[in-house]
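Participant: mmCIF, C-alpha atoms and all ligand atoms, saved as target_19.cif, coming up:
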data_coords
loop_
_atom_site.label_atom_id
_atom_site.label_comp_id
_atom_site.auth_asym_id
_atom_site.auth_seq_id
_atom_site.Cartn_x
_atom_site.Cartn_y
_atom_site.Cartn_z
CA MET A 717 -50.79 -67.94 16.86
CA ALA A 718 -47.86 -69.48 15.00
CA SER A 719 -44.78 -70.41 17.01
CA PRO A 720 -41.49 -68.79 15.96
CA ALA A 721 -40.31 -72.18 14.66
CA SER A 722 -43.25 -72.72 12.35
CA PHE A 723 -43.09 -69.13 11.24
CA SER A 724 -39.49 -69.41 10.13
CA ALA A 725 -40.17 -72.80 8.46
CA SER A 726 -42.95 -71.35 6.35
CA ASN A 727 -40.83 -68.29 5.71
CA PHE A 728 -38.04 -70.57 4.51
CA LEU A 729 -40.42 -72.43 2.17
CA LEU A 730 -41.71 -69.14 0.87
CA SER A 731 -38.23 -67.88 0.06
CA LEU A 732 -37.39 -71.21 -1.59
CA ALA A 733 -40.46 -70.95 -3.76
CA LEU A 734 -39.61 -67.36 -4.58
CA ALA A 735 -36.01 -68.24 -5.40
CA SER A 736 -37.02 -71.02 -7.78
CA HIS A 737 -39.60 -68.75 -9.35
CA LEU A 738 -36.96 -66.08 -9.96
CA ALA A 739 -34.53 -68.73 -11.23
CA SER A 740 -37.03 -69.95 -13.79
CA ILE A 741 -37.68 -66.39 -14.95
CA ALA A 742 -33.98 -65.75 -15.35
CA PHE A 743 -33.36 -69.07 -17.12
CA ALA A 744 -32.22 -68.70 -20.75
CA GLY A 745 -34.98 -69.41 -23.23
CA SER A 746 -37.62 -67.44 -21.40
CA PHE A 747 -40.03 -65.45 -23.52
CA TYR A 748 -39.86 -62.73 -20.85
CA GLN A 749 -36.20 -62.28 -21.72
CA ASP A 750 -36.28 -62.95 -25.42
CA VAL A 751 -39.30 -61.16 -26.88
CA ASP A 752 -41.52 -58.11 -26.65
CA ILE A 753 -45.23 -58.39 -27.17
CA THR A 754 -45.88 -55.70 -29.74
CA TRP A 755 -49.61 -55.69 -30.39
CA GLY A 756 -52.95 -57.30 -29.61
CA ASP A 757 -53.99 -55.52 -26.44
CA GLY A 758 -53.69 -58.48 -24.07
CA ARG A 759 -54.34 -61.17 -26.70
CA ALA A 760 -50.69 -62.28 -26.55
CA LYS A 761 -49.79 -64.00 -23.29
CA ILE A 762 -46.58 -65.30 -21.77
CA LEU A 763 -47.31 -68.27 -19.51
CA ASN A 764 -45.59 -71.03 -17.49
CA ASN A 765 -42.78 -68.81 -16.18
CA GLY A 766 -41.87 -67.70 -19.68
CA ARG A 767 -41.79 -71.12 -21.30
CA LEU A 768 -45.00 -70.75 -23.30
CA LEU A 769 -46.41 -67.92 -25.38
CA THR A 770 -49.90 -67.88 -26.85
CA LEU A 771 -51.29 -65.56 -29.49
CA SER A 772 -54.98 -65.15 -30.02
CA LEU A 773 -57.24 -63.70 -32.64
CA ASP A 774 -60.85 -62.61 -32.48
CA ARG A 775 -63.06 -60.51 -34.69
CA SER A 776 -61.56 -57.23 -33.54
CA SER A 777 -57.82 -58.02 -33.43
CA GLY A 778 -54.98 -60.48 -33.74
CA SER A 779 -51.73 -60.26 -31.78
CA GLY A 780 -48.00 -60.51 -32.18
CA PHE A 781 -44.52 -60.36 -30.71
CA GLN A 782 -40.96 -59.76 -31.85
CA SER A 783 -37.51 -60.72 -30.64
CA LYS A 784 -35.68 -58.18 -28.53
CA LYS A 785 -32.45 -58.90 -30.39
CA GLU A 786 -31.53 -58.55 -34.03
CA TYR A 787 -29.39 -61.04 -35.89
CA LEU A 788 -27.17 -61.01 -38.93
CA TYR A 789 -27.03 -64.70 -39.78
CA GLY A 790 -28.22 -67.41 -37.48
CA LYS A 791 -30.07 -70.63 -36.88
CA ILE A 792 -33.46 -69.71 -35.48
CA ASP A 793 -35.72 -72.43 -34.06
CA MET A 794 -39.24 -72.10 -32.72
CA GLN A 795 -41.77 -74.72 -31.75
CA LEU A 796 -45.31 -73.95 -32.81
CA LYS A 797 -48.70 -75.52 -32.39
CA PHE A 798 -51.22 -74.04 -34.80
CA VAL A 799 -54.84 -73.03 -34.28
CA PRO A 800 -56.81 -76.32 -34.03
CA GLY A 801 -60.23 -77.18 -35.43
CA ASN A 802 -61.75 -74.78 -37.90
CA SER A 803 -58.88 -72.34 -38.45
CA ALA A 804 -60.02 -71.15 -41.89
CA GLY A 805 -59.05 -67.57 -42.63
CA THR A 806 -56.38 -67.41 -39.93
CA VAL A 807 -52.71 -66.91 -40.68
CA THR A 808 -49.92 -67.59 -38.23
CA ALA A 809 -46.84 -65.75 -39.45
CA HIS A 810 -43.34 -66.48 -38.25
CA TYR A 811 -40.56 -64.63 -40.03
CA LEU A 812 -37.33 -62.72 -39.91
CA SER A 813 -37.27 -59.20 -41.23
CA SER A 814 -35.04 -56.16 -41.38
CA GLN A 815 -36.41 -52.64 -41.17
CA GLY A 816 -37.14 -50.08 -43.84
CA GLY A 817 -38.05 -50.02 -47.51
CA ALA A 818 -35.45 -52.14 -49.30
CA HIS A 819 -35.75 -54.72 -46.58
CA ASP A 820 -34.82 -58.39 -46.44
CA GLU A 821 -37.28 -60.94 -45.14
CA ILE A 822 -37.44 -64.70 -44.64
CA ASP A 823 -41.04 -65.84 -44.23
CA PHE A 824 -42.97 -68.74 -42.87
CA GLU A 825 -46.74 -68.31 -42.97
CA PHE A 826 -49.15 -71.00 -41.91
CA LEU A 827 -52.56 -70.76 -43.54
CA GLY A 828 -55.43 -72.29 -41.58
CA ASN A 829 -58.23 -74.42 -42.95
CA LEU A 830 -61.52 -76.10 -42.18
CA SER A 831 -61.31 -78.94 -39.62
CA GLY A 832 -59.52 -81.89 -41.14
CA ASP A 833 -58.35 -80.00 -44.24
CA PRO A 834 -54.64 -79.33 -44.55
CA TYR A 835 -52.78 -76.23 -43.48
CA ILE A 836 -50.56 -74.64 -46.10
CA VAL A 837 -46.98 -73.73 -45.20
CA HIS A 838 -46.26 -70.67 -47.29
CA THR A 839 -42.64 -69.50 -47.63
CA ASN A 840 -41.07 -66.47 -49.27
CA VAL A 841 -37.73 -64.68 -49.42
CA TYR A 842 -37.46 -60.92 -49.93
CA THR A 843 -34.15 -59.35 -50.83
CA GLN A 844 -33.79 -55.57 -50.94
CA GLY A 845 -37.56 -55.13 -50.85
CA LYS A 846 -38.39 -57.59 -53.58
CA GLY A 847 -40.19 -60.87 -52.91
CA ASN A 848 -42.32 -62.88 -55.37
CA ARG A 849 -40.45 -66.06 -54.44
CA GLU A 850 -43.28 -68.09 -52.95
CA MET A 851 -43.13 -71.80 -52.36
CA GLN A 852 -45.95 -73.66 -50.61
CA PHE A 853 -46.18 -77.03 -48.93
CA TYR A 854 -48.51 -79.35 -47.09
CA LEU A 855 -47.16 -81.04 -43.97
CA TRP A 856 -46.77 -84.77 -43.34
CA PHE A 857 -48.44 -84.51 -39.91
CA ASP A 858 -51.28 -82.64 -38.23
CA PRO A 859 -49.61 -79.42 -36.98
CA THR A 860 -52.45 -78.63 -34.57
CA LYS A 861 -52.03 -81.74 -32.39
CA ASP A 862 -48.51 -81.18 -31.07
CA PHE A 863 -45.65 -78.74 -31.11
CA HIS A 864 -43.27 -79.07 -34.07
CA THR A 865 -40.05 -77.20 -34.76
CA TYR A 866 -39.89 -74.66 -37.58
CA SER A 867 -36.40 -73.35 -38.28
CA VAL A 868 -34.57 -70.95 -40.51
CA LEU A 869 -30.88 -71.32 -41.19
CA TRP A 870 -29.44 -68.12 -42.63
CA ASN A 871 -25.74 -68.03 -43.41
CA PRO A 872 -23.61 -66.48 -46.17
CA ARG A 873 -24.14 -69.50 -48.44
CA HIS A 874 -27.87 -70.09 -48.26
CA ILE A 875 -31.17 -69.82 -46.45
CA VAL A 876 -32.79 -73.11 -45.49
CA PHE A 877 -36.32 -73.60 -44.17
CA TYR A 878 -36.70 -76.65 -41.93
CA VAL A 879 -39.64 -78.49 -40.39
CA ASP A 880 -38.61 -80.81 -37.55
CA GLY A 881 -35.07 -80.77 -38.90
CA THR A 882 -36.14 -81.73 -42.42
CA PRO A 883 -35.17 -79.10 -45.01
CA ILE A 884 -38.16 -78.12 -47.14
CA ARG A 885 -36.63 -75.24 -49.11
CA GLU A 886 -33.19 -73.91 -49.90
CA PHE A 887 -32.52 -70.40 -51.25
CA LYS A 888 -28.92 -70.27 -52.38
CA ASN A 889 -26.72 -67.22 -52.50
CA ARG A 890 -26.67 -66.36 -56.23
CA GLU A 891 -25.04 -62.98 -55.99
CA SER A 892 -22.63 -64.10 -58.69
CA ALA A 893 -25.65 -64.16 -61.04
CA GLY A 894 -26.85 -60.75 -59.89
CA VAL A 895 -29.50 -61.96 -57.42
CA PRO A 896 -29.35 -59.82 -54.26
CA TYR A 897 -28.70 -61.84 -51.10
CA PRO A 898 -29.48 -60.76 -47.52
CA LYS A 899 -26.12 -60.02 -45.95
CA ASN A 900 -26.05 -56.44 -44.66
CA GLN A 901 -29.28 -55.85 -42.82
CA PRO A 902 -29.82 -57.38 -39.39
CA MET A 903 -33.22 -58.98 -38.82
CA LYS A 904 -35.53 -59.51 -35.87
CA VAL A 905 -37.82 -62.49 -35.47
CA TYR A 906 -41.53 -61.69 -35.68
CA SER A 907 -44.59 -63.84 -35.00
CA SER A 908 -48.22 -62.96 -35.31
CA LEU A 909 -51.69 -64.39 -35.64
CA TRP A 910 -54.09 -62.45 -37.83
CA ASN A 911 -57.17 -62.55 -39.99
CA ALA A 912 -56.49 -63.04 -43.68
CA ASP A 913 -59.80 -64.52 -44.71
CA ASP A 914 -59.81 -62.41 -47.85
CA TRP A 915 -57.08 -64.66 -49.35
CA ALA A 916 -55.73 -67.37 -47.07
CA THR A 917 -58.04 -70.36 -47.30
CA ARG A 918 -58.74 -71.69 -50.76
CA GLY A 919 -57.81 -68.27 -52.04
CA GLY A 920 -60.34 -66.49 -49.80
CA LEU A 921 -63.36 -68.66 -50.61
CA VAL A 922 -63.57 -69.97 -47.04
CA LYS A 923 -64.05 -67.27 -44.40
CA ALA A 924 -63.21 -67.33 -40.70
CA ASP A 925 -65.95 -68.70 -38.46
CA TRP A 926 -65.99 -66.08 -35.71
CA SER A 927 -68.34 -68.19 -33.59
CA LYS A 928 -65.21 -70.34 -32.93
CA ALA A 929 -63.10 -67.35 -31.82
CA PRO A 930 -60.84 -66.68 -30.05
CA PHE A 931 -58.38 -68.66 -32.17
CA THR A 932 -55.13 -69.52 -30.41
CA ALA A 933 -51.64 -70.53 -31.59
CA SER A 934 -48.89 -71.55 -29.16
CA PHE A 935 -45.13 -71.06 -29.16
CA ARG A 936 -42.31 -72.52 -27.09
CA ASN A 937 -38.56 -73.25 -27.08
CA PHE A 938 -37.45 -70.19 -29.00
CA ASN A 939 -33.80 -70.81 -29.68
CA ALA A 940 -31.86 -68.19 -31.59
CA ASN A 941 -28.39 -69.46 -32.22
CA GLY A 942 -27.47 -66.36 -34.12
CA CYS A 943 -24.98 -63.60 -34.57
CA VAL A 944 -26.47 -60.87 -32.44
CA TRP A 945 -26.15 -57.48 -34.05
CA SER A 946 -25.76 -54.51 -31.79
CA SER A 947 -24.45 -50.99 -32.43
CA GLY A 948 -22.96 -52.02 -35.75
CA THR A 949 -21.06 -55.08 -34.58
CA SER A 950 -21.72 -58.79 -34.64
CA SER A 951 -21.35 -61.08 -31.65
CA CYS A 952 -19.97 -63.78 -33.96
CA SER A 953 -16.56 -64.77 -34.94
CA SER A 954 -17.48 -67.03 -37.81
CA ALA A 955 -15.17 -69.86 -36.86
CA SER A 956 -17.07 -70.50 -33.64
CA ASN A 957 -20.39 -71.27 -35.30
CA PRO A 958 -20.79 -74.65 -36.94
CA TRP A 959 -23.88 -73.50 -38.86
CA MET A 960 -22.10 -70.50 -40.39
CA TRP A 961 -20.71 -72.36 -43.40
CA GLN A 962 -23.02 -75.33 -43.27
CA GLU A 963 -24.29 -76.76 -46.54
CA LEU A 964 -26.83 -79.50 -47.10
CA ASP A 965 -25.22 -82.94 -46.99
CA SER A 966 -26.54 -85.70 -49.22
CA PRO A 967 -29.03 -87.20 -46.70
CA SER A 968 -30.45 -83.70 -46.20
CA LEU A 969 -30.68 -83.14 -49.95
CA GLU A 970 -32.51 -86.44 -50.22
CA ARG A 971 -35.00 -85.33 -47.54
CA LEU A 972 -35.44 -82.00 -49.32
CA ARG A 973 -36.22 -83.80 -52.58
CA TRP A 974 -38.67 -86.10 -50.77
CA VAL A 975 -40.58 -83.13 -49.36
CA GLN A 976 -40.58 -81.23 -52.64
CA LYS A 977 -41.74 -84.27 -54.58
CA ASN A 978 -44.53 -85.26 -52.19
CA TYR A 979 -45.65 -82.14 -50.32
CA MET A 980 -44.85 -79.08 -52.43
CA ILE A 981 -47.99 -77.54 -53.89
CA TYR A 982 -46.60 -74.33 -55.40
CA ASN A 983 -43.18 -73.31 -56.67
CA TYR A 984 -42.66 -69.88 -58.21
CA CYS A 985 -39.74 -71.29 -60.14
CA THR A 986 -42.05 -73.40 -62.29
CA ASP A 987 -44.77 -70.77 -62.74
CA VAL A 988 -44.12 -69.85 -66.36
CA LYS A 989 -47.60 -68.33 -66.71
CA ARG A 990 -46.76 -65.80 -64.04
CA PHE A 991 -43.27 -64.87 -65.17
CA THR A 992 -44.04 -64.19 -68.80
CA GLN A 993 -40.75 -62.30 -69.27
CA GLY A 994 -38.82 -65.38 -68.10
CA LEU A 995 -38.28 -67.10 -64.78
CA PRO A 996 -36.23 -65.28 -62.11
CA PRO A 997 -32.48 -65.91 -62.58
CA GLU A 998 -32.10 -68.00 -59.39
CA CYS A 999 -34.64 -70.45 -60.84
CA THR A 1000 -32.72 -71.26 -63.97
CA MET A 1001 -29.45 -72.23 -62.23
CA SER A 1002 -28.79 -75.59 -60.69
C1 LIG B 1101 -57.63 -76.32 -47.47
O1 LIG B 1101 -58.25 -77.49 -47.94
C2 LIG B 1101 -58.51 -77.49 -49.33
C3 LIG B 1101 -59.28 -78.76 -49.65
O2 LIG B 1101 -58.53 -79.88 -49.29
C4 LIG B 1101 -57.19 -77.39 -50.09
O3 LIG B 1101 -57.44 -77.29 -51.47
C5 LIG B 1101 -56.39 -76.18 -49.62
O4 LIG B 1101 -55.11 -76.19 -50.21
C6 LIG B 1101 -56.25 -76.23 -48.11
N1 LIG B 1101 -55.46 -75.16 -47.50
C7 LIG B 1101 -55.74 -73.85 -47.61
C8 LIG B 1101 -54.94 -72.94 -46.77
O5 LIG B 1101 -56.61 -73.39 -48.34
#
Take the structure I supplied and represent it as structure tokens, if you would.
Ligand SMILES: *[C@@H]1O[C@H](CO)[C@@H](O)[C@H](O)[C@H]1NC(C)=O
Facilitator:
Amino acid sequence: MASPASFSASNFLLSLALASHLASIAFAGSFYQDVDITWGDGRAKILNNGRLLTLSLDRSSGSGFQSKKEYLYGKIDMQLKFVPGNSAGTVTAHYLSSQGGAHDEIDFEFLGNLSGDPYIVHTNVYTQGKGNREMQFYLWFDPTKDFHTYSVLWNPRHIVFYVDGTPIREFKNRESAGVPYPKNQPMKVYSSLWNADDWATRGGLVKADWSKAPFTASFRNFNANGCVWSSGTSSCSSASNPWMWQELDSPSLERLRWVQKNYMIYNYCTDVKRFTQGLPPECTMS
């Protein structure tokens, strides 16, 4: 039988452990606090006290989650580690989107491949329900080995897609030329892992190898430095957010040009065969 002293000591340790457990759950940046798992019937899992989230995909379903909050402008960072090995046919999507028909959307999609063959980073911007603004890239590292940071900066001036802090694409506000710009509709952050083997890998030629399932992608360090939108008001006063009026400085523009010169594999703005009536207006302005 335990003596009263040893009982209270173990009780004390237990409450310490419990307190630190609760503290880590309550700590900002926890997936428990920040997101809702929306589909996948148990295939999406929050682990490590909320610091890690994994999505998985098998023959019968993928999985996904979305942010609890909506944002109207922000700098949204997420670290991702993609499905390793033979990931052909899988797509990991990570995007911001508003609701409804004439919606706005800012998309990252990561298209898997056979072992050793490169992932494609597919990007798109929808404004008022209209997309067709795809740009695609290879990466300068193996995105399945480690976590890397994929970010979207969305402010009144432009939308910038970043990989590890390097801008890969800029979509400027060209409202003055009649191009709609996302500015009225708040967006949530969505991530999912799903089967797209009818188009994703080499245009659908390479199918998913279900003997390798379940496929798993991992997420951590979700950091939404955004203007939270709630009941019609924004949490931001613009002056307080350094990213709100941020433009690309010349070192960033140089990095952007480096990526686009060496890693861009598709740019809708140069696809004259596709846009037979003329390139979209935002493509023909500097
Ligand atoms: C997969 O690898 C092939 C061969 O290197 C390449 O052409 C293709 O762009 C890669 N990515 C995808 C998603 O198909």
Participant: Considering all atoms listed in the file, return as a ChimeraX atom specification whatever protein or nucleic-acid residues lie within 7 Å of range 898-909 of chain A, sequence-local ones (same chain, fewer than 2 positions apart) excluded.
Facilitator: /A:771-773,778-783,785-788,807-814,820,843,872,896,945
Participant: Quick one: residues within 12 Å of ligand LIG 1101 (chain B), with only C-alpha atoms and all ligand atoms, as a VMD selection string?
Facilitator: chain A and resid 802 to 808 825 to 838 852 to 855 912 to 924 979 to 982
Participant: Pick the closest to Ser746 in chain A from A:Cys952, A:Leu769, A:Met851, A:Val799: which is it, counting only C-alpha atoms?
Facilitator: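 Of A:Cys952, A:Leu769, A:Met851, A:Val799, the one nearest Ser746 in chain A is A:Leu769, counting only C-alpha atoms.
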Participant: When you count only C-alpha atoms, which of these residues is closest to Tyr878 in chain A: A:Ser953, A:Ser947, A:Ser968, A:Gln749?
Facilitator: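 Selected residue with least distance to Tyr878 in chain A: A:Ser968.
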Participant: Could you tell me how far CA of Gly766 in chain A lies from CA of Gly745 in chain A, in Å and to one decimal?
Facilitator: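 It comes out at 7.9 Å.
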Participant: A:Cys943, A:Arg936, A:Asp823, A:Gln962: which is nearest Tyr748 in chain A, counting all atoms listed in the file?
Facilitator: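 Using all atoms listed in the file, Tyr748 in chain A sits closest to A:Arg936.
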Participant: Show me, as a list of chain:residue names, the residues that have an atom within 7 Å of Leu972 in chain A when counting only C-alpha atoms, minus same-chain residues fewer than 5 positions from it.
Facilitator: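 Final neighbour list, sorted by chain and number: A:Thr882, A:Pro883, A:Ile884, A:Arg885.
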Participant: Got a minute to add N, CA and C atoms to range 864-894 of chain A and dump it as a short mmCIF file (atom, residue, chain, number, x, y, z; two decimals), in the coordinates of the input?
Facilitator:
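Result file is rebuild_22.cif:
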data_model
loop_
_atom_site.label_atom_id
_atom_site.label_comp_id
_atom_site.auth_asym_id
_atom_site.auth_seq_id
_atom_site.Cartn_x
_atom_site.Cartn_y
_atom_site.Cartn_z
N HIS A 864 -44.32 -78.64 -33.13
CA HIS A 864 -43.27 -79.07 -34.07
C HIS A 864 -42.32 -77.90 -34.24
N THR A 865 -41.10 -78.22 -34.68
CA THR A 865 -40.05 -77.20 -34.76
C THR A 865 -39.93 -76.66 -36.18
N TYR A 866 -40.02 -75.36 -36.30
CA TYR A 866 -39.89 -74.66 -37.58
C TYR A 866 -38.64 -73.79 -37.48
N SER A 867 -37.70 -74.01 -38.40
CA SER A 867 -36.40 -73.35 -38.28
C SER A 867 -36.00 -72.66 -39.57
N VAL A 868 -35.22 -71.62 -39.37
CA VAL A 868 -34.57 -70.95 -40.51
C VAL A 868 -33.07 -70.96 -40.24
N LEU A 869 -32.33 -71.47 -41.21
CA LEU A 869 -30.88 -71.32 -41.19
C LEU A 869 -30.54 -70.23 -42.20
N TRP A 870 -29.82 -69.24 -41.75
CA TRP A 870 -29.44 -68.12 -42.63
C TRP A 870 -27.95 -67.91 -42.46
N ASN A 871 -27.18 -68.27 -43.46
CA ASN A 871 -25.74 -68.03 -43.41
C ASN A 871 -25.29 -67.44 -44.75
N PRO A 872 -24.02 -67.15 -44.93
CA PRO A 872 -23.61 -66.48 -46.17
C PRO A 872 -23.83 -67.32 -47.43
N ARG A 873 -24.00 -68.63 -47.27
CA ARG A 873 -24.14 -69.50 -48.44
C ARG A 873 -25.57 -69.68 -48.90
N HIS A 874 -26.48 -69.79 -47.92
CA HIS A 874 -27.87 -70.09 -48.26
C HIS A 874 -28.81 -69.83 -47.09
N ILE A 875 -30.11 -69.86 -47.45
CA ILE A 875 -31.17 -69.82 -46.45
C ILE A 875 -31.89 -71.15 -46.57
N VAL A 876 -32.08 -71.83 -45.44
CA VAL A 876 -32.79 -73.11 -45.49
C VAL A 876 -33.97 -73.06 -44.53
N PHE A 877 -35.13 -73.47 -45.01
CA PHE A 877 -36.32 -73.60 -44.17
C PHE A 877 -36.42 -75.06 -43.75
N TYR A 878 -36.59 -75.29 -42.45
CA TYR A 878 -36.70 -76.65 -41.93
C TYR A 878 -38.00 -76.86 -41.18
N VAL A 879 -38.54 -78.07 -41.26
CA VAL A 879 -39.64 -78.49 -40.39
C VAL A 879 -39.17 -79.75 -39.67
N ASP A 880 -39.13 -79.70 -38.36
CA ASP A 880 -38.61 -80.81 -37.55
C ASP A 880 -37.26 -81.32 -38.07
N GLY A 881 -36.41 -80.39 -38.45
CA GLY A 881 -35.07 -80.77 -38.90
C GLY A 881 -34.99 -81.22 -40.35
N THR A 882 -36.13 -81.36 -41.01
CA THR A 882 -36.14 -81.73 -42.42
C THR A 882 -36.16 -80.47 -43.28
N PRO A 883 -35.16 -80.30 -44.16
CA PRO A 883 -35.17 -79.10 -45.01
C PRO A 883 -36.31 -79.19 -46.02
N ILE A 884 -37.08 -78.12 -46.15
CA ILE A 884 -38.16 -78.12 -47.14
C ILE A 884 -37.84 -77.18 -48.30
N ARG A 885 -36.95 -76.22 -48.07
CA ARG A 885 -36.63 -75.24 -49.11
C ARG A 885 -35.23 -74.70 -48.88
N GLU A 886 -34.51 -74.53 -49.98
CA GLU A 886 -33.19 -73.91 -49.90
C GLU A 886 -33.16 -72.73 -50.87
N PHE A 887 -32.73 -71.57 -50.39
CA PHE A 887 -32.52 -70.40 -51.25
C PHE A 887 -31.03 -70.11 -51.22
N LYS A 888 -30.37 -70.40 -52.35
CA LYS A 888 -28.92 -70.27 -52.38
C LYS A 888 -28.49 -68.84 -52.65
N ASN A 889 -27.33 -68.50 -52.17
CA ASN A 889 -26.72 -67.22 -52.50
C ASN A 889 -26.30 -67.25 -53.97
N ARG A 890 -26.98 -66.45 -54.80
CA ARG A 890 -26.67 -66.36 -56.23
C ARG A 890 -26.27 -64.94 -56.59
N GLU A 891 -25.54 -64.33 -55.68
CA GLU A 891 -25.04 -62.98 -55.99
C GLU A 891 -24.20 -62.96 -57.25
N SER A 892 -23.48 -64.03 -57.49
CA SER A 892 -22.63 -64.10 -58.69
C SER A 892 -23.47 -63.96 -59.97
N ALA A 893 -24.77 -64.30 -59.88
CA ALA A 893 -25.65 -64.16 -61.04
C ALA A 893 -26.51 -62.91 -60.94
N GLY A 894 -26.15 -62.03 -60.00
CA GLY A 894 -26.85 -60.75 -59.89
C GLY A 894 -28.11 -60.79 -59.04
#
